[in-house]
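Enquirer: Have a look at the structure that comes next, please.
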Amino acid sequence: MCTATESFICTDFSRGIVPADRGSLLVLPETSNAFHGSLDEPASEAPTVRNLRKLDLGCGLTKPAGFLGADRFRLPGVDVVLDMDKPFPFADDSFDLVYASHSLEHVRDLMFTIQEVYRICRDRAQVCIVAPYYQQAGNFANPRHQQAFNEHTPRFWTDFGNTQIAPEEYVHPHAAHWGLAASDNDNPGIDLRCLRMEFFYYPEYRMLPPDEQRAARKKYIDVCDQVVYHLLVIKSPLEDEELERIVATMEFYDPPYVAARRASEAASRLADDEAASRASEQLAIRAAEQEQLQAKERAALLLAKQALLAVEKPSDPIAEPTPCDESRSESEFTESLYAAARLAEGQPAAAWANEPIFEPEAPPVLSSEPLPELVTEPTLAPPPELPPQVSLADFNAIRDIAAATARDLDAYTHRRSIRFLRRLSDRSDMRPALSPAYRQLSDDALLNVPKVQSYILQPSVNLQRLGCLNYRLPLNRAGLCGVTLAPWFAVRPIRGLLGIQIQSADGGILAAATASAAEFEYHAPVRFEFPVVDSCDARPLSMQVFVRDIDVPLQILEWRKYRLHGLRSTLSRAFCAVHFS
């Protein structure tokens with residue numbers, strides 16, 4: 001006589017003859033179910049997940065309450081040990097709900113296993129399957145996974161043409177018809193209708209719109225990691241009206257694992273929404289501060305224009321004062337700002353253009369060896385001699401605004417997306433725009449770059465970000481005594497220094513020199529001189545360009561060669577002239 005626990009799985013042959021190839025079948029006792037009559041009567045309503053005969057196929061150590069647990073190993077909580085590649089030890093029409101989580105991907109013949117699931121289910125029973133989505137690296141590498149699960153898998157378990165799944169989830173140019181069970185001219189004798197299909201995504205894709213998630217899932221690996229199917233077992237004719245009623249009233253089984261995953265993702269989205277809300281508030285505050293800053297900038301620009309007019313056209317004590325032309329655009333005011341600053345320092349007026357900023361493939365490392373005595377401490381640039389119409393306080397205010405604008409521009413252009421787009425599309429060459437002061441440097445620099453026609457001249461990355469840049473010097477002769485570079489900046493620095501180190505092939509420092517901010521001029525090269533380097537082997541030298549305590553973004557002009565339209569690493573060469581004794 002069976003105990004209360006054993007009676008749930010006790011062998012009983014009163015329901016019919018046991019097929020010889022299945023051994024002893026486990027026949028479950030009848031349970032009261034308002035949605036089912038006897039086993040011989042077809043069900044007419046959708047079953048609920050309460051008071052049902054429920055089977056967890058491959059339960060392991062996590063069998064849900066109220067389920068009969070089946071697994072290939074005799075673990076705690078496992079009621080029936082079975083091999084899913086062999087006929088199941090259950091009678092036909094035994095279960096109202098079959099749940100399989102991360103077990104069916106291990107079977108050798110998925111169609112055979114699904115046929116067994118179909119056989120042991122009652123008509124209109126529910127089947128819930130949780131499986132790893134096929135297109136992920138962990139799934140590809142797992143030698144125990146033998147079956148693939150994606151949006152097309154349940155199409156091979158029915159030949160019915162229509163489905164409750166949205167067409168965009170499974171659309172395929174070679175299979176517009178949903179049911180593919182008979183696609184190889186072999187009828188497997190099953191009809192499992194997929195009513196719901198749910199995908200779970202990796203964190204970086206969870207916040208995307210559904211259409212973008214869908215497109216990424218079908219195109220890339222490691223986008224979606226889990227898929228859940230809810231299927232309806234059909235063993236007797238089913239009219240469309242009855243199917244609609246079942247779908248409307250069915251209580252889909254929600255596995256604990258899936259419910260926990262869904263709750264975790266909902267909490268993550270809520271946290272992201274809260275973070276987005278806080279970020280939005282911060283942006284609103286920043287926008288208000290920016291508006292105030294812009295108002296101050298406009299006032300400073302008007303002041304700069306007045307100073308520019310005063311410098312360009314000295315006031316006549318007899319003539320009336322020239323009124324400020326309010327019709328000029330703000331961009332012209334900005335140009336006037338830079339022109340006023342340059343004229344105040346005795347420099348020629350010239351328009352400035354935005355320069356692209358690129359990041360080298362590998363950040364260079366400044367040598368840890370102590371620099372020679374030629375390297376001096378950073379010095380401050382002396383205050384400029386201003387016309388009487390412009391006070392030093394006004395000039396400093398204008399310069400602070402220009403420096404802040406230069407830093408904001410550098411931060412914007414350093415964004416990954418902007419750098420990537422410029423890497424692919426920006427092929428602007430600055431040679432035609434160079435001032436006459438660069439003519440000699442340009443002529444000398446052409447001698448240092450082989451096949452110069454394949455290179456373009458552009459500013460380097462902001463040296464404030466990396467500290468130093470490394471370049472090879474294509475020379476191996478003795479007598480090197482100087483190098484001329486072309487620093488590039490939107491606002492002249494008032495403190496800090498720019499320096500170079502000449503290194504041998506084995507990394508030893510042969511020479512070093514620096515130039516302070518006080519020596520920089522707009523649109524003019526800088527020459528570094530050092531004692532003659534007599535020792536030189538047959539291998540090329542290298543040059544490190546570095547900055548110390550520079551207060552504004554500073555770049556140097558360099559030769560650039562983009563390979564494979566910018567998709568491969570970029571070659572950089574120094575735009576410099578080398579001097580020998």
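Ordering of the structure tokens sets the chain letters (A, B, ...); residue numbers start at 1 within each chain; ligands are numbered from 1 in the order shown.
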Skipping near chain neighbours, those fewer than 2 positions away, what residues fall within 9 Å of region 160-174 of chain A using only C-alpha atoms, listed as a PDB file with N, CA, C and O atoms, in the first residue's frame?

Expert:
ATOM      1  N   GLU A 151      13.128  32.696 -31.642  1.00  0.00           N
ATOM      2  CA  GLU A 151      11.745  33.043 -31.970  1.00  0.00           C
ATOM      3  C   GLU A 151      11.117  32.084 -32.972  1.00  0.00           C
ATOM      4  O   GLU A 151       9.888  32.103 -33.158  1.00  0.00           O
ATOM      5  N   HIS A 152      11.903  31.249 -33.627  1.00  0.00           N
ATOM      6  CA  HIS A 152      11.370  30.320 -34.626  1.00  0.00           C
ATOM      7  C   HIS A 152      11.148  28.908 -34.082  1.00  0.00           C
ATOM      8  O   HIS A 152      10.454  28.112 -34.717  1.00  0.00           O
ATOM      9  N   ARG A 155       7.652  27.275 -33.885  1.00  0.00           N
ATOM     10  CA  ARG A 155       6.968  27.158 -35.171  1.00  0.00           C
ATOM     11  C   ARG A 155       7.000  25.714 -35.678  1.00  0.00           C
ATOM     12  O   ARG A 155       6.151  25.327 -36.508  1.00  0.00           O
ATOM     13  N   THR A 158       3.864  22.940 -34.487  1.00  0.00           N
ATOM     14  CA  THR A 158       2.492  22.999 -34.991  1.00  0.00           C
ATOM     15  C   THR A 158       2.549  23.271 -36.490  1.00  0.00           C
ATOM     16  O   THR A 158       3.556  23.792 -36.994  1.00  0.00           O
ATOM     17  N   ALA A 176       6.866  32.676 -44.291  1.00  0.00           N
ATOM     18  CA  ALA A 176       5.837  33.611 -43.855  1.00  0.00           C
ATOM     19  C   ALA A 176       4.752  32.909 -43.055  1.00  0.00           C
ATOM     20  O   ALA A 176       4.141  33.490 -42.160  1.00  0.00           O
ATOM     21  N   HIS A 177       4.479  31.646 -43.360  1.00  0.00           N
ATOM     22  CA  HIS A 177       3.491  30.822 -42.661  1.00  0.00           C
ATOM     23  C   HIS A 177       4.024  30.460 -41.286  1.00  0.00           C
ATOM     24  O   HIS A 177       5.178  30.048 -41.148  1.00  0.00           O
ATOM     25  N   TRP A 178       3.204  30.592 -40.213  1.00  0.00           N
ATOM     26  CA  TRP A 178       3.705  30.340 -38.868  1.00  0.00           C
ATOM     27  C   TRP A 178       4.079  28.878 -38.664  1.00  0.00           C
ATOM     28  O   TRP A 178       5.204  28.548 -38.340  1.00  0.00           O
ATOM     29  N   GLY A 179       3.160  27.962 -38.818  1.00  0.00           N
ATOM     30  CA  GLY A 179       3.403  26.567 -38.504  1.00  0.00           C
ATOM     31  C   GLY A 179       4.346  25.908 -39.506  1.00  0.00           C
ATOM     32  O   GLY A 179       4.120  25.937 -40.713  1.00  0.00           O
ATOM     33  N   LEU A 180       5.415  25.282 -38.992  1.00  0.00           N
ATOM     34  CA  LEU A 180       6.408  24.635 -39.852  1.00  0.00           C
ATOM     35  C   LEU A 180       6.619  23.173 -39.477  1.00  0.00           C
ATOM     36  O   LEU A 180       7.615  22.563 -39.866  1.00  0.00           O
ATOM     37  N   ALA A 181       5.674  22.575 -38.724  1.00  0.00           N
ATOM     38  CA  ALA A 181       5.858  21.204 -38.252  1.00  0.00           C
ATOM     39  C   ALA A 181       5.982  20.219 -39.405  1.00  0.00           C
ATOM     40  O   ALA A 181       6.700  19.222 -39.311  1.00  0.00           O
ATOM     41  N   ASP A 191       0.377  19.331 -31.937  1.00  0.00           N
ATOM     42  CA  ASP A 191      -0.158  20.677 -32.202  1.00  0.00           C
ATOM     43  C   ASP A 191      -0.032  21.483 -30.923  1.00  0.00           C
ATOM     44  O   ASP A 191      -0.912  21.436 -30.047  1.00  0.00           O
ATOM     45  N   ARG A 193       0.245  25.236 -29.744  1.00  0.00           N
ATOM     46  CA  ARG A 193       0.056  26.622 -30.207  1.00  0.00           C
ATOM     47  C   ARG A 193       0.763  27.583 -29.253  1.00  0.00           C
ATOM     48  O   ARG A 193       0.463  27.621 -28.052  1.00  0.00           O
ATOM     49  N   CYS A 194       1.701  28.356 -29.762  1.00  0.00           N
ATOM     50  CA  CYS A 194       2.414  29.338 -28.946  1.00  0.00           C
ATOM     51  C   CYS A 194       1.528  30.564 -28.763  1.00  0.00           C
ATOM     52  O   CYS A 194       1.197  31.262 -29.729  1.00  0.00           O
ATOM     53  N   LEU A 195       1.144  30.828 -27.511  1.00  0.00           N
ATOM     54  CA  LEU A 195       0.270  31.962 -27.206  1.00  0.00           C
ATOM     55  C   LEU A 195       1.050  33.191 -26.747  1.00  0.00           C
ATOM     56  O   LEU A 195       0.574  34.311 -26.900  1.00  0.00           O
ATOM     57  N   ARG A 196       2.214  32.963 -26.174  1.00  0.00           N
ATOM     58  CA  ARG A 196       2.991  34.101 -25.682  1.00  0.00           C
ATOM     59  C   ARG A 196       4.478  33.742 -25.740  1.00  0.00           C
ATOM     60  O   ARG A 196       4.866  32.612 -25.453  1.00  0.00           O
ATOM     61  N   MET A 197       5.281  34.728 -26.126  1.00  0.00           N
ATOM     62  CA  MET A 197       6.735  34.543 -26.222  1.00  0.00           C
ATOM     63  C   MET A 197       7.384  35.790 -25.634  1.00  0.00           C
ATOM     64  O   MET A 197       7.100  36.914 -26.055  1.00  0.00           O
ATOM     65  N   ASP A 211      11.383  47.761 -30.917  1.00  0.00           N
ATOM     66  CA  ASP A 211      11.841  47.506 -32.285  1.00  0.00           C
ATOM     67  C   ASP A 211      13.369  47.482 -32.365  1.00  0.00           C
ATOM     68  O   ASP A 211      13.942  46.677 -33.109  1.00  0.00           O
ATOM     69  N   ARG A 214      14.501  44.187 -30.863  1.00  0.00           N
ATOM     70  CA  ARG A 214      14.236  43.091 -31.802  1.00  0.00           C
ATOM     71  C   ARG A 214      15.309  43.053 -32.893  1.00  0.00           C
ATOM     72  O   ARG A 214      15.838  41.990 -33.234  1.00  0.00           O
ATOM     73  N   VAL A 247      -7.568  32.205 -24.820  1.00  0.00           N
ATOM     74  CA  VAL A 247      -6.498  33.194 -24.671  1.00  0.00           C
ATOM     75  C   VAL A 247      -6.919  34.304 -23.715  1.00  0.00           C
ATOM     76  O   VAL A 247      -6.124  34.788 -22.908  1.00  0.00           O
TER      77      VAL A 247
END

Enquirer: Write out as a ChimeraX atom specification each polymer residue whose atoms come within 9 Å of region 236-238 of chain A, counting only C-alpha atoms; drop sequence neighbours fewer than 3 positions from it.

Expert: /A:42,123-124,241-243

Enquirer: Using CA of Leu104 (chain A) and CA of Ala259 (chain A) as the two end points, give the distance in Å to one decimal.

Expert: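 Interatomic distance here is 20.0 Å.
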
Enquirer: Using backbone DSSP assignments, extract all strand (DSSP E or B) residues from region 127-221 of chain A; output them as a list in words.

Expert: Val127, Cys128, Ile129, Val130, Ala131, Pro132, Leu192, Arg193, Cys194, Leu195, Arg196, Met197, Glu198, Phe199, Phe200 and Tyr201 of chain A

Enquirer: Looking only at helix (DSSP H, G or I) from DSSP on the backbone, list the matching residues of region 109-266 of chain A as an NGL selection string.

Expert: :A and (110-120 or 137-141 or 153-157 or 167-170 or 203-205 or 210-219 or 240-249 or 256-266)

Enquirer: Quick one: everything within 7 Å of Arg72 (chain A), counting only C-alpha atoms, minus sequence neighbours fewer than 3 positions away in the same chain. Send it as a PyMOL selection string.

Expert: chain A and resi 81-83

Enquirer: Write a file of the just-selected residues containing N, CA and C atoms, as a PDB file, in the first residue's frame.

Expert:
ATOM      1  N   VAL A  81      12.777   9.871 -11.428  1.00  0.00           N
ATOM      2  CA  VAL A  81      14.011   9.924 -12.199  1.00  0.00           C
ATOM      3  C   VAL A  81      13.701   9.409 -13.601  1.00  0.00           C
ATOM      4  N   LEU A  82      14.021  10.232 -14.618  1.00  0.00           N
ATOM      5  CA  LEU A  82      13.740   9.839 -15.993  1.00  0.00           C
ATOM      6  C   LEU A  82      14.820  10.363 -16.916  1.00  0.00           C
ATOM      7  N   ASP A  83      14.891   9.778 -18.076  1.00  0.00           N
ATOM      8  CA  ASP A  83      15.774  10.206 -19.146  1.00  0.00           C
ATOM      9  C   ASP A  83      14.902  10.838 -20.219  1.00  0.00           C
TER      10      ASP A  83
END

Enquirer: For region 202-205 of chain A, please output as a VMD selection string all residues within 7 Å (counting only C-alpha atoms; exclusion window: fewer than 3 positions along the same chain).

Expert: chain A and resid 208 213 223 to 225

Enquirer: Output all heavy atoms of each residue in that selection to a file, as a compact mmCIF listing (two decimals), in the first residue's frame.

Expert:
# COMPACT_ATOMS: atom_id res chain seq x y z
N LEU A 208 16.19 49.87 -24.40
CA LEU A 208 15.92 50.23 -25.80
C LEU A 208 14.45 50.03 -26.14
O LEU A 208 13.77 49.21 -25.53
CB LEU A 208 16.77 49.37 -26.73
CG LEU A 208 18.29 49.57 -26.70
CD1 LEU A 208 18.96 48.61 -27.67
CD2 LEU A 208 18.65 51.00 -27.05
N GLN A 213 15.34 46.61 -29.81
CA GLN A 213 15.72 45.36 -29.16
C GLN A 213 15.59 44.20 -30.14
O GLN A 213 16.48 43.35 -30.24
CB GLN A 213 14.83 45.10 -27.94
CG GLN A 213 15.10 45.97 -26.74
CD GLN A 213 14.17 45.65 -25.59
OE1 GLN A 213 13.02 45.23 -25.79
NE2 GLN A 213 14.64 45.83 -24.38
N VAL A 223 22.83 39.78 -26.93
CA VAL A 223 21.79 40.82 -26.78
C VAL A 223 20.67 40.31 -25.90
O VAL A 223 20.25 40.96 -24.96
CB VAL A 223 21.23 41.23 -28.16
CG1 VAL A 223 20.06 42.20 -28.00
CG2 VAL A 223 22.32 41.87 -29.01
N CYS A 224 20.18 39.11 -26.20
CA CYS A 224 19.09 38.46 -25.45
C CYS A 224 19.66 37.19 -24.82
O CYS A 224 20.42 36.45 -25.46
CB CYS A 224 17.94 38.13 -26.39
SG CYS A 224 16.59 37.21 -25.63
N ASP A 225 19.31 36.92 -23.55
CA ASP A 225 19.88 35.73 -22.90
C ASP A 225 18.84 34.68 -22.55
O ASP A 225 19.20 33.52 -22.35
CB ASP A 225 20.66 36.12 -21.65
CG ASP A 225 19.77 36.68 -20.55
OD1 ASP A 225 18.81 37.40 -20.88
OD2 ASP A 225 20.03 36.40 -19.37
